[in-house]
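Below is the file final_6.cif, which contains mmCIF, C-alpha atoms.
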data_coords
#
loop_
_atom_site.label_atom_id
_atom_site.label_comp_id
_atom_site.auth_asym_id
_atom_site.auth_seq_id
_atom_site.Cartn_x
_atom_site.Cartn_y
_atom_site.Cartn_z
CA MET S 1 202.07 183.57 116.46
CA LEU S 2 200.36 185.79 113.93
CA SER S 3 201.21 189.46 113.89
CA ALA S 4 198.47 191.94 114.78
CA LEU S 5 198.34 193.06 111.14
CA ALA S 6 198.01 189.49 109.83
CA SER S 7 195.25 188.74 112.35
CA THR S 8 193.38 191.86 111.29
CA ILE S 9 193.60 190.91 107.60
CA ILE S 10 192.36 187.36 108.26
CA LEU S 11 189.45 188.57 110.39
CA ALA S 12 188.49 191.16 107.78
CA ALA S 13 188.56 188.54 105.02
CA ALA S 14 186.45 186.16 107.09
CA ALA S 15 183.94 188.90 107.81
CA SER S 16 183.75 189.81 104.14
CA PHE S 17 183.15 186.17 103.16
CA ALA S 18 180.49 185.74 105.85
CA ALA S 19 178.70 188.88 104.70
CA ALA S 20 178.39 187.42 101.22
CA LEU S 21 176.63 184.29 102.48
CA PRO S 22 172.90 183.94 103.14
CA THR S 23 172.21 184.48 106.84
CA ALA S 24 170.18 182.13 109.03
CA THR S 25 166.72 183.15 110.20
CA ALA S 26 165.11 182.21 113.51
CA ASP S 27 163.50 179.11 112.04
CA GLY S 28 166.80 177.83 110.71
CA ALA S 29 166.15 178.79 107.08
CA SER S 30 168.58 180.99 105.22
CA LYS S 31 167.94 184.57 104.23
CA CYS S 32 169.27 186.38 101.18
CA THR S 33 170.56 189.70 102.46
CA THR S 34 172.96 190.76 99.71
CA PRO S 35 171.90 189.27 96.37
CA GLU S 36 174.65 189.05 93.78
CA LYS S 37 174.01 190.88 90.55
CA ARG S 38 174.11 188.84 87.37
CA LYS S 39 175.02 191.05 84.43
CA SER S 40 174.67 190.64 80.70
CA TRP S 41 177.94 189.77 78.97
CA HIS S 42 177.71 193.22 77.36
CA ASP S 43 178.20 194.84 80.77
CA VAL S 44 180.72 192.51 82.39
CA SER S 45 184.13 194.10 82.96
CA GLU S 46 187.13 192.93 80.95
CA SER S 47 188.81 191.47 84.02
CA ASP S 48 185.67 189.58 85.06
CA LYS S 49 185.23 188.23 81.54
CA LYS S 50 188.78 186.87 81.63
CA ALA S 51 188.22 185.30 85.04
CA TYR S 52 184.98 183.67 83.92
CA LEU S 53 186.44 182.30 80.68
CA ASN S 54 189.48 180.95 82.52
CA ALA S 55 187.26 179.19 85.06
CA VAL S 56 185.18 177.60 82.27
CA LYS S 57 188.36 176.36 80.59
CA CYS S 58 189.48 174.94 83.92
CA VAL S 59 186.22 172.99 84.32
CA MET S 60 186.59 171.75 80.75
CA THR S 61 190.04 170.35 81.42
CA SER S 62 189.65 169.14 85.02
CA PRO S 63 189.32 165.35 85.45
CA GLN S 64 185.87 163.98 86.25
CA LYS S 65 185.21 163.14 89.91
CA LEU S 66 181.89 161.29 90.17
CA ASN S 67 183.05 158.07 88.48
CA ARG S 68 179.49 157.16 87.57
CA LEU S 69 178.45 159.15 84.49
CA PRO S 70 178.93 157.20 81.24
CA GLY S 71 181.55 158.68 78.93
CA ALA S 72 182.55 161.56 81.21
CA LYS S 73 186.28 162.33 81.26
CA THR S 74 186.20 165.89 82.59
CA ARG S 75 184.15 167.93 85.06
CA TRP S 76 182.60 169.66 82.04
CA ASP S 77 181.59 166.28 80.65
CA GLU S 78 179.86 165.55 83.96
CA LEU S 79 177.91 168.80 83.66
CA VAL S 80 176.88 168.00 80.08
CA SER S 81 176.02 164.44 81.10
CA LEU S 82 173.51 165.79 83.61
CA HIS S 83 171.62 167.45 80.79
CA GLN S 84 171.78 164.27 78.74
CA ILE S 85 170.59 162.05 81.61
CA HIS S 86 167.69 164.37 82.49
CA ALA S 87 166.81 165.30 78.89
CA LEU S 88 163.46 163.51 78.79
CA GLN S 89 162.48 164.97 82.15
CA ILE S 90 163.45 168.63 81.69
CA HIS S 91 162.18 169.47 78.20
CA THR S 92 158.50 169.88 77.27
CA THR S 93 157.71 169.36 80.96
CA GLY S 94 156.97 171.48 84.00
CA GLN S 95 160.54 170.84 85.17
CA PHE S 96 162.06 172.89 82.37
CA LEU S 97 162.40 176.24 84.13
CA PRO S 98 163.20 175.10 87.69
CA TYR S 99 165.69 172.43 86.64
CA HIS S 100 167.63 174.78 84.40
CA ARG S 101 167.76 177.32 87.25
CA TYR S 102 169.21 174.56 89.45
CA TYR S 103 171.54 173.60 86.59
CA LEU S 104 172.96 177.13 86.56
CA LYS S 105 173.67 176.78 90.28
CA THR S 106 175.52 173.54 89.50
CA LEU S 107 177.66 175.37 86.96
CA ASP S 108 178.34 178.09 89.54
CA PHE S 109 179.65 175.46 91.97
CA LEU S 110 182.00 173.97 89.38
CA LEU S 111 183.34 177.40 88.45
CA ARG S 112 184.02 178.21 92.12
CA GLU S 113 185.73 174.84 92.42
CA CYS S 114 188.00 176.07 89.63
CA GLY S 115 188.80 179.30 91.42
CA LEU S 116 186.24 181.78 90.05
CA PRO S 117 186.34 184.69 92.54
CA LYS S 118 183.21 185.32 94.61
CA GLU S 119 182.84 188.81 93.17
CA VAL S 120 182.54 187.42 89.61
CA THR S 121 178.92 186.38 89.15
CA LEU S 122 177.33 184.15 86.55
CA PRO S 123 176.74 186.21 83.41
CA TYR S 124 173.74 185.99 81.13
CA TRP S 125 173.14 187.21 77.61
CA ASP S 126 170.66 190.05 77.11
CA GLU S 127 169.70 188.65 73.73
CA PRO S 128 167.24 191.38 72.71
CA ARG S 129 170.25 193.72 72.37
CA ASP S 130 171.65 191.48 69.65
CA ALA S 131 168.42 190.14 68.11
CA GLY S 132 168.79 189.74 64.37
CA LYS S 133 172.57 190.12 64.57
CA PHE S 134 173.79 187.49 67.01
CA SER S 135 177.04 187.00 65.09
CA LYS S 136 178.04 190.61 65.87
CA SER S 137 177.51 190.21 69.63
CA PRO S 138 180.40 190.68 72.07
CA VAL S 139 179.48 187.19 73.28
CA PHE S 140 181.37 185.89 70.24
CA ASP S 141 184.46 188.06 70.58
CA LYS S 142 187.61 186.08 69.81
CA VAL S 143 189.46 187.33 72.89
CA LEU S 144 186.88 188.42 75.48
CA GLY S 145 184.14 186.08 74.33
CA PHE S 146 183.41 182.54 73.27
CA GLY S 147 184.72 182.52 69.72
CA GLY S 148 182.45 182.73 66.70
CA SER S 149 180.55 180.46 64.38
CA GLY S 150 182.19 177.14 63.65
CA VAL S 151 183.75 176.08 60.38
CA GLY S 152 183.84 172.96 58.27
CA ALA S 153 181.34 170.14 57.94
CA GLN S 154 181.03 169.80 61.72
CA SER S 155 180.97 173.57 62.44
CA CYS S 156 183.88 173.17 64.88
CA VAL S 157 184.76 176.34 66.82
CA MET S 158 188.27 177.23 65.66
CA ASP S 159 188.81 180.64 67.28
CA GLY S 160 188.57 182.14 70.73
CA PRO S 161 189.39 180.52 74.09
CA PHE S 162 187.53 177.29 73.32
CA ALA S 163 189.07 176.53 69.93
CA ASN S 164 189.80 172.87 69.27
CA LEU S 165 188.24 171.65 72.52
CA THR S 166 186.53 168.25 72.67
CA VAL S 167 183.26 167.33 74.37
CA ASN S 168 182.91 163.63 75.17
CA ILE S 169 179.14 163.54 75.78
CA GLY S 170 176.73 163.11 72.88
CA PRO S 171 175.49 163.28 70.24
CA GLY S 172 172.08 162.43 71.64
CA PHE S 173 172.34 159.61 74.14
CA LYS S 174 175.71 158.45 72.84
CA THR S 175 179.20 159.14 74.21
CA GLN S 176 181.23 159.80 71.10
CA PRO S 177 183.86 162.58 71.42
CA ARG S 178 183.29 165.52 69.07
CA CYS S 179 184.47 169.07 68.70
CA LEU S 180 182.82 171.94 70.50
CA ASN S 181 180.69 173.38 67.70
CA ARG S 182 178.04 175.93 66.81
CA LYS S 183 176.57 177.58 63.72
CA ILE S 184 175.10 181.08 64.06
CA THR S 185 172.17 182.08 61.86
CA ASP S 186 171.37 185.76 62.37
CA PHE S 187 167.84 185.95 60.95
CA LEU S 188 166.61 183.26 63.36
CA SER S 189 167.82 185.37 66.26
CA SER S 190 165.29 188.08 65.40
CA SER S 191 162.73 186.10 67.42
CA CYS S 192 164.74 186.85 70.56
CA GLY S 193 163.85 190.53 70.25
CA ALA S 194 162.21 192.65 72.93
CA SER S 195 158.67 192.33 71.57
CA TYR S 196 158.97 188.52 71.56
CA VAL S 197 160.21 188.54 75.14
CA THR S 198 157.37 190.82 76.23
CA SER S 199 154.88 188.46 74.61
CA ALA S 200 156.51 185.38 76.16
CA ILE S 201 156.10 186.68 79.71
CA SER S 202 152.66 188.22 79.27
CA GLY S 203 150.61 185.20 80.38
CA SER S 204 148.96 185.01 83.78
CA THR S 205 149.80 181.39 84.67
CA TYR S 206 153.00 179.34 84.90
CA LYS S 207 151.76 177.07 82.13
CA GLN S 208 151.27 180.02 79.79
CA ALA S 209 154.68 181.48 80.59
CA LEU S 210 156.41 178.10 80.36
CA ASP S 211 154.96 177.31 76.95
CA ALA S 212 155.65 180.79 75.56
CA ILE S 213 159.22 181.00 76.86
CA TYR S 214 160.09 177.47 75.79
CA SER S 215 158.65 177.68 72.28
CA GLY S 216 159.56 181.33 71.80
CA PRO S 217 162.87 183.04 72.61
CA HIS S 218 164.34 179.90 74.20
CA LEU S 219 163.79 177.71 71.16
CA TYR S 220 164.71 180.38 68.62
CA GLY S 221 167.90 181.12 70.52
CA HIS S 222 168.88 177.48 70.22
CA MET S 223 167.99 177.41 66.55
CA ALA S 224 170.01 180.56 65.89
CA LEU S 225 173.08 179.06 67.58
CA SER S 226 172.81 175.37 66.67
CA MET S 227 175.06 174.45 69.60
CA MET S 228 176.60 170.98 69.44
CA ASN S 229 175.04 170.32 66.03
CA GLY S 230 171.68 171.58 67.30
CA ASP S 231 171.43 168.58 69.64
CA SER S 232 168.67 169.30 72.18
CA ILE S 233 170.06 166.66 74.53
CA THR S 234 173.70 167.75 74.83
CA SER S 235 173.69 171.38 73.65
CA SER S 236 175.15 172.37 77.02
CA GLY S 237 178.50 171.16 75.69
CA ASP S 238 178.87 174.70 74.31
CA PRO S 239 179.51 177.18 77.17
CA VAL S 240 177.31 179.74 75.37
CA PHE S 241 174.40 177.49 76.41
CA PHE S 242 174.66 178.83 79.96
CA LEU S 243 174.51 182.47 78.87
CA HIS S 244 171.44 181.63 76.81
CA HIS S 245 169.81 179.86 79.74
CA GLY S 246 170.70 182.75 82.00
CA PHE S 247 168.56 184.81 79.63
CA VAL S 248 165.80 182.17 79.83
CA ASP S 249 166.01 182.22 83.63
CA LYS S 250 165.77 186.01 83.63
CA MET S 251 162.58 185.81 81.56
CA TRP S 252 161.07 183.50 84.17
CA ALA S 253 162.25 185.74 87.02
CA ASP S 254 160.78 188.81 85.28
CA TRP S 255 157.48 186.97 84.83
CA GLN S 256 157.46 185.97 88.50
CA ALA S 257 158.21 189.53 89.61
CA LYS S 258 154.95 190.78 88.09
CA ASP S 259 152.97 189.04 90.86
CA LEU S 260 155.62 187.67 93.16
CA THR S 261 153.48 186.43 96.05
CA LYS S 262 151.32 184.30 93.78
CA ARG S 263 153.90 183.26 91.22
CA LEU S 264 156.50 181.99 93.69
CA LYS S 265 154.15 179.05 94.23
CA ASP S 266 152.79 178.67 90.69
CA ILE S 267 154.14 175.44 89.19
CA SER S 268 152.46 172.90 86.92
CA GLY S 269 153.05 170.37 84.17
CA LEU S 270 154.40 166.88 83.74
CA ASN S 271 157.63 165.77 85.41
CA ALA S 272 158.61 163.61 82.42
CA GLN S 273 157.80 163.79 78.73
CA ASP S 274 154.60 162.37 77.34
CA PRO S 275 155.85 159.60 74.99
CA ALA S 276 153.25 160.60 72.42
CA VAL S 277 154.66 164.14 72.32
CA GLY S 278 158.35 163.90 73.19
CA PHE S 279 160.06 167.23 72.50
CA SER S 280 157.34 169.67 71.46
CA GLU S 281 159.62 171.25 68.85
CA PHE S 282 159.70 167.99 66.90
CA SER S 283 156.81 165.97 65.56
CA GLY S 284 156.01 162.30 66.00
CA GLY S 285 156.72 161.64 69.68
CA MET S 286 159.57 159.78 71.32
CA GLU S 287 159.72 156.84 68.93
CA VAL S 288 160.14 159.04 65.88
CA GLU S 289 162.59 161.34 67.68
CA SER S 290 164.72 158.38 68.77
CA ALA S 291 165.73 157.98 65.12
CA MET S 292 167.63 161.28 65.52
CA TRP S 293 169.52 160.61 68.74
CA GLY S 294 168.78 157.08 69.88
CA LYS S 295 167.48 156.01 73.27
CA PRO S 296 169.14 155.99 76.69
CA GLY S 297 171.14 152.79 77.18
CA GLN S 298 171.31 150.74 80.35
CA GLU S 299 174.30 152.68 81.69
CA LEU S 300 172.39 155.96 81.43
CA LEU S 301 169.17 154.49 82.77
CA ALA S 302 171.04 153.15 85.79
CA VAL S 303 171.88 156.70 86.93
CA THR S 304 168.68 158.42 85.80
CA PRO S 305 166.66 159.73 88.77
CA ASP S 306 163.02 158.83 89.22
CA PRO S 307 161.12 161.73 87.62
CA LYS S 308 158.35 161.36 90.23
CA SER S 309 160.72 161.88 93.16
CA GLY S 310 159.00 164.08 95.71
CA ASP S 311 155.80 164.29 93.70
CA GLY S 312 154.09 160.94 94.17
CA GLY S 313 152.67 161.12 90.66
CA GLY S 314 153.28 162.30 87.13
CA THR S 315 152.62 166.00 87.80
CA ILE S 316 155.34 168.30 89.10
CA THR S 317 154.90 169.87 92.53
CA LEU S 318 156.90 172.23 94.73
CA ASN S 319 158.19 169.12 96.51
CA HIS S 320 159.76 167.70 93.35
CA ILE S 321 163.38 166.69 93.99
CA MET S 322 166.04 167.77 91.49
CA SER S 323 169.45 166.12 91.36
CA SER S 324 172.93 166.83 90.02
CA LEU S 325 173.92 163.25 90.86
CA GLY S 326 176.42 164.37 93.47
CA ILE S 327 177.96 167.58 92.13
CA ILE S 328 175.84 169.67 94.51
CA PRO S 329 173.18 168.47 96.98
CA ASN S 330 169.69 167.73 95.72
CA ALA S 331 167.14 170.53 95.90
CA THR S 332 163.39 170.84 95.59
CA VAL S 333 161.48 173.00 93.13
CA ALA S 334 160.39 175.08 96.13
CA ASP S 335 164.06 175.86 96.82
CA VAL S 336 164.55 177.53 93.44
CA MET S 337 161.26 179.35 92.99
CA ASP S 338 162.59 182.57 94.53
CA ILE S 339 165.95 183.79 93.21
CA LYS S 340 166.31 185.78 96.45
CA GLY S 341 164.83 183.16 98.75
CA GLY S 342 167.97 182.03 100.56
CA TYR S 343 168.88 178.86 98.70
CA LEU S 344 169.44 181.24 95.80
CA CYS S 345 170.59 184.80 96.30
CA TYR S 346 170.89 186.80 93.10
CA GLU S 347 169.12 189.30 90.90
CA TYR S 348 169.50 190.38 87.27
CA ALA S 349 171.04 193.74 86.52
#
Show me the file's structure as structure tokens.
Amino acid sequence: MLSALASTIILAAAASFAAALPTATADGASKCTTPEKRKSWHDVSESDKKAYLNAVKCVMTSPQKLNRLPGAKTRWDELVSLHQIHALQIHTTGQFLPYHRYYLKTLDFLLRECGLPKEVTLPYWDEPRDAGKFSKSPVFDKVLGFGGSGVGAQSCVMDGPFANLTVNIGPGFKTQPRCLNRKITDFLSSSCGASYVTSAISGSTYKQALDAIYSGPHLYGHMALSMMNGDSITSSGDPVFFLHHGFVDKMWADWQAKDLTKRLKDISGLNAQDPAVGFSEFSGGMEVESAMWGKPGQELLAVTPDPKSGDGGGTITLNHIMSSLGIIPNATVADVMDIKGGYLCYEYA
């Protein structure tokens, strides 16, 4: 039998864990009572940085589990493959902001699977603090960061905790192993400054905010980092991607907070790219863009979700169903609209 002391410790631990979970309301929905605080990497403690980096490395080296995503050899590959599979549905569409919010939740699950303690929350990058000088950011510290700009013809990251790691997904719609790489260009990061952020979230409708965030600080952040050879489809191979998209998610959350009652239901746009447009940051539409990264093959198409799932048409709705193909359960856009709505339970510090 357990000693009285051991029983007390177990009960206390169980109570602590339960307190951290969303609580059920009378109608069976969950309620966010104690939102976790997501901090900028600048403000994360040294011990929490180490725990986060170790968990990311664990995901990167853990064997894949789904056995259905082409080219995936690790759990990290599966995460990157999700972005590849959904690429034509989650860029230059109304899905962009909600899917990437759901994608961050998927990362959180994988990190917990690798032992990330509950008290260590997903970090983001407060990019305005480093605008114009990204390369000097603590994000790229060689010990308590993600390593710096890559070297050589392929810009492979050769320092920090992710030196010499391989990503098996990409480039584009291919599955050809390549080094984890990035190339930092400081002057491009100037467009992630505070005034640009203020402008990006100044619109009154979701469409205005979506377009301004996507084509503004989001796009310039990607250009300044050139993650995975600047590949829009598999840039999530670089773990810095998730700090950048934490920043993007914060911009959306800050925009929503300006008129929360109205904006928690404001969603619009296509649920898949217009072939004539493709990625808005490139010209010529899908056919021209396919010369850069090819087209999805039959293996990818076989696991690609129907972009109209939950909508009944080509326009995104709150009922739109988002999928991680089995890593975490599917969710609707409505589930992720409120970061403190129960399905999600966090706020930005």
Assuming the chain letters and numbering stay as they are in my file, what does the PyMOL selection byres ((chain S and resi 102-107) around 10) actually select? List them as a ChimeraX atom specification. /S:56,59,76,79,82-83,97-101,108-113,122,242-243,245-246,249,322-324,327-333,335-337,343-344
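Comparing S:Lys183, S:Lys50, S:Arg75, S:Lys262 by their smallest distance to Leu144 (chain S), the closest is S:Lys50 (using all atoms listed in the file).
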Among listed residues S:Gln256, S:Asn168, S:Ser195, S:Ser40, nearest Trp125 (chain S) (using only C-alpha atoms): S:Ser40
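Relative to CA of Tyr348 (chain S), CA of Arg38 (chain S) is found at 4.9 Å.
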Smallest atom-to-atom distance to Trp41 (chain S): which of S:Leu301, S:Val288, S:Met158, S:Ala349, using all atoms listed in the file? S:Ala349
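Counting only C-alpha atoms, the residue from S:Gly342, S:Gly310, S:Pro305, S:Gly172 that sits nearest to Leu325 (chain S) is S:Pro305.
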Residues returned when the PyMOL selection byres ((chain S and resi 65) around 10) runs on this file, as a list in words: Ser62, Pro63, Gln64, Leu66, Asn67, Arg68, Leu69, Ala72, Lys73, Thr74, Arg75, Glu78, Gly326 and Ile327 of chain S
May I ask which of the residues S:Ser47, S:His91, S:Ile85, S:Thr175 is the closest one to Pro117 (chain S), counting all atoms listed in the file? S:Ser47
Under the rule that all atoms listed in the file are counted, which of S:Ala212, S:Ile233, S:Ala224, S:Val120 is the nearest residue to Lys295 (chain S)? S:Ile233
What does the distance between CA of Phe187 (chain S) and CA of Phe134 (chain S) come to in Å, to one decimal place? 8.6 Å
Please evaluate the PyMOL selection byres ((chain S and resi 190) around 12) against the displayed coordinates and give the resulting residues as a PyMOL selection string. chain S and resi 127-135+185-189+191-197+216-217+219-221+223-224
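Here CA of Phe140 (chain S) and CA of Thr61 (chain S) stand 21.0 Å from one another.
The list of residues with at least one atom within 8 Å of region 199-205 of chain S, based on all atoms listed in the file and without residues fewer than 5 positions apart in the same chain, reads Ala212, Ile213, Gly216, Pro217, Met251, Trp252, Asp254, Trp255, Arg263 and Asp266 of chain S.
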Could you name the residues that touch Cys345 (chain S) at 6 Å or less, counting all atoms listed in the file, but leaving out those on the same chain fewer than 3 positions away, as a list in words? Cys32, Pro35, Ile339, Lys340 and Gly342 of chain S
For region 312-330 of chain S, write N, CA, C and O atoms out as a PDB file, in the first residue's frame.
ATOM      1  N   GLY S 312     -19.224  22.991 -47.777  1.00  0.00           N
ATOM      2  CA  GLY S 312     -20.242  22.784 -48.801  1.00  0.00           C
ATOM      3  C   GLY S 312     -20.056  23.650 -50.021  1.00  0.00           C
ATOM      4  O   GLY S 312     -20.923  23.709 -50.891  1.00  0.00           O
ATOM      5  N   GLY S 313     -18.929  24.320 -50.121  1.00  0.00           N
ATOM      6  CA  GLY S 313     -18.641  25.188 -51.259  1.00  0.00           C
ATOM      7  C   GLY S 313     -17.211  25.658 -51.194  1.00  0.00           C
ATOM      8  O   GLY S 313     -16.421  25.205 -50.357  1.00  0.00           O
ATOM      9  N   GLY S 314     -16.859  26.588 -52.063  1.00  0.00           N
ATOM     10  CA  GLY S 314     -15.481  27.040 -52.168  1.00  0.00           C
ATOM     11  C   GLY S 314     -15.083  28.147 -51.220  1.00  0.00           C
ATOM     12  O   GLY S 314     -13.934  28.590 -51.226  1.00  0.00           O
ATOM     13  N   THR S 315     -16.021  28.610 -50.388  1.00  0.00           N
ATOM     14  CA  THR S 315     -15.747  29.696 -49.446  1.00  0.00           C
ATOM     15  C   THR S 315     -15.649  29.145 -48.037  1.00  0.00           C
ATOM     16  O   THR S 315     -16.475  28.327 -47.617  1.00  0.00           O
ATOM     17  N   ILE S 316     -14.648  29.590 -47.294  1.00  0.00           N
ATOM     18  CA  ILE S 316     -14.449  29.085 -45.940  1.00  0.00           C
ATOM     19  C   ILE S 316     -15.533  29.586 -44.997  1.00  0.00           C
ATOM     20  O   ILE S 316     -16.010  30.719 -45.114  1.00  0.00           O
ATOM     21  N   THR S 317     -15.943  28.711 -44.078  1.00  0.00           N
ATOM     22  CA  THR S 317     -16.931  29.050 -43.061  1.00  0.00           C
ATOM     23  C   THR S 317     -16.396  28.633 -41.695  1.00  0.00           C
ATOM     24  O   THR S 317     -15.368  27.963 -41.588  1.00  0.00           O
ATOM     25  N   LEU S 318     -17.122  28.972 -40.642  1.00  0.00           N
ATOM     26  CA  LEU S 318     -16.743  28.555 -39.301  1.00  0.00           C
ATOM     27  C   LEU S 318     -16.826  27.042 -39.142  1.00  0.00           C
ATOM     28  O   LEU S 318     -16.211  26.471 -38.241  1.00  0.00           O
ATOM     29  N   ASN S 319     -17.571  26.383 -40.027  1.00  0.00           N
ATOM     30  CA  ASN S 319     -17.719  24.929 -39.958  1.00  0.00           C
ATOM     31  C   ASN S 319     -16.611  24.188 -40.706  1.00  0.00           C
ATOM     32  O   ASN S 319     -16.606  22.954 -40.719  1.00  0.00           O
ATOM     33  N   HIS S 320     -15.713  24.910 -41.332  1.00  0.00           N
ATOM     34  CA  HIS S 320     -14.644  24.269 -42.099  1.00  0.00           C
ATOM     35  C   HIS S 320     -13.836  23.324 -41.208  1.00  0.00           C
ATOM     36  O   HIS S 320     -13.467  23.663 -40.085  1.00  0.00           O
ATOM     37  N   ILE S 321     -13.561  22.127 -41.709  1.00  0.00           N
ATOM     38  CA  ILE S 321     -12.844  21.117 -40.935  1.00  0.00           C
ATOM     39  C   ILE S 321     -11.366  21.120 -41.309  1.00  0.00           C
ATOM     40  O   ILE S 321     -11.006  21.010 -42.482  1.00  0.00           O
ATOM     41  N   MET S 322     -10.513  21.245 -40.286  1.00  0.00           N
ATOM     42  CA  MET S 322      -9.065  21.234 -40.472  1.00  0.00           C
ATOM     43  C   MET S 322      -8.503  19.912 -39.944  1.00  0.00           C
ATOM     44  O   MET S 322      -8.985  19.390 -38.946  1.00  0.00           O
ATOM     45  N   SER S 323      -7.500  19.397 -40.623  1.00  0.00           N
ATOM     46  CA  SER S 323      -6.976  18.076 -40.285  1.00  0.00           C
ATOM     47  C   SER S 323      -5.456  18.082 -40.135  1.00  0.00           C
ATOM     48  O   SER S 323      -4.750  18.793 -40.853  1.00  0.00           O
ATOM     49  N   SER S 324      -4.976  17.261 -39.199  1.00  0.00           N
ATOM     50  CA  SER S 324      -3.545  16.977 -39.079  1.00  0.00           C
ATOM     51  C   SER S 324      -3.273  15.543 -39.507  1.00  0.00           C
ATOM     52  O   SER S 324      -2.200  14.997 -39.216  1.00  0.00           O
ATOM     53  N   LEU S 325      -4.251  14.941 -40.170  1.00  0.00           N
ATOM     54  CA  LEU S 325      -4.122  13.591 -40.720  1.00  0.00           C
ATOM     55  C   LEU S 325      -3.791  12.545 -39.667  1.00  0.00           C
ATOM     56  O   LEU S 325      -3.136  11.549 -39.944  1.00  0.00           O
ATOM     57  N   GLY S 326      -4.247  12.790 -38.441  1.00  0.00           N
ATOM     58  CA  GLY S 326      -4.117  11.780 -37.407  1.00  0.00           C
ATOM     59  C   GLY S 326      -3.182  12.110 -36.274  1.00  0.00           C
ATOM     60  O   GLY S 326      -3.113  11.362 -35.293  1.00  0.00           O
ATOM     61  N   ILE S 327      -2.445  13.210 -36.359  1.00  0.00           N
ATOM     62  CA  ILE S 327      -1.554  13.574 -35.241  1.00  0.00           C
ATOM     63  C   ILE S 327      -2.389  14.031 -34.047  1.00  0.00           C
ATOM     64  O   ILE S 327      -2.212  13.569 -32.922  1.00  0.00           O
ATOM     65  N   ILE S 328      -3.315  14.960 -34.293  1.00  0.00           N
ATOM     66  CA  ILE S 328      -4.317  15.334 -33.301  1.00  0.00           C
ATOM     67  C   ILE S 328      -5.671  15.250 -33.990  1.00  0.00           C
ATOM     68  O   ILE S 328      -5.749  15.207 -35.221  1.00  0.00           O
ATOM     69  N   PRO S 329      -6.768  15.213 -33.234  1.00  0.00           N
ATOM     70  CA  PRO S 329      -8.088  15.151 -33.863  1.00  0.00           C
ATOM     71  C   PRO S 329      -8.364  16.364 -34.745  1.00  0.00           C
ATOM     72  O   PRO S 329      -7.811  17.445 -34.538  1.00  0.00           O
ATOM     73  N   ASN S 330      -9.230  16.170 -35.725  1.00  0.00           N
ATOM     74  CA  ASN S 330      -9.668  17.277 -36.567  1.00  0.00           C
ATOM     75  C   ASN S 330     -10.334  18.350 -35.710  1.00  0.00           C
ATOM     76  O   ASN S 330     -10.842  18.075 -34.620  1.00  0.00           O
TER      77      ASN S 330
END
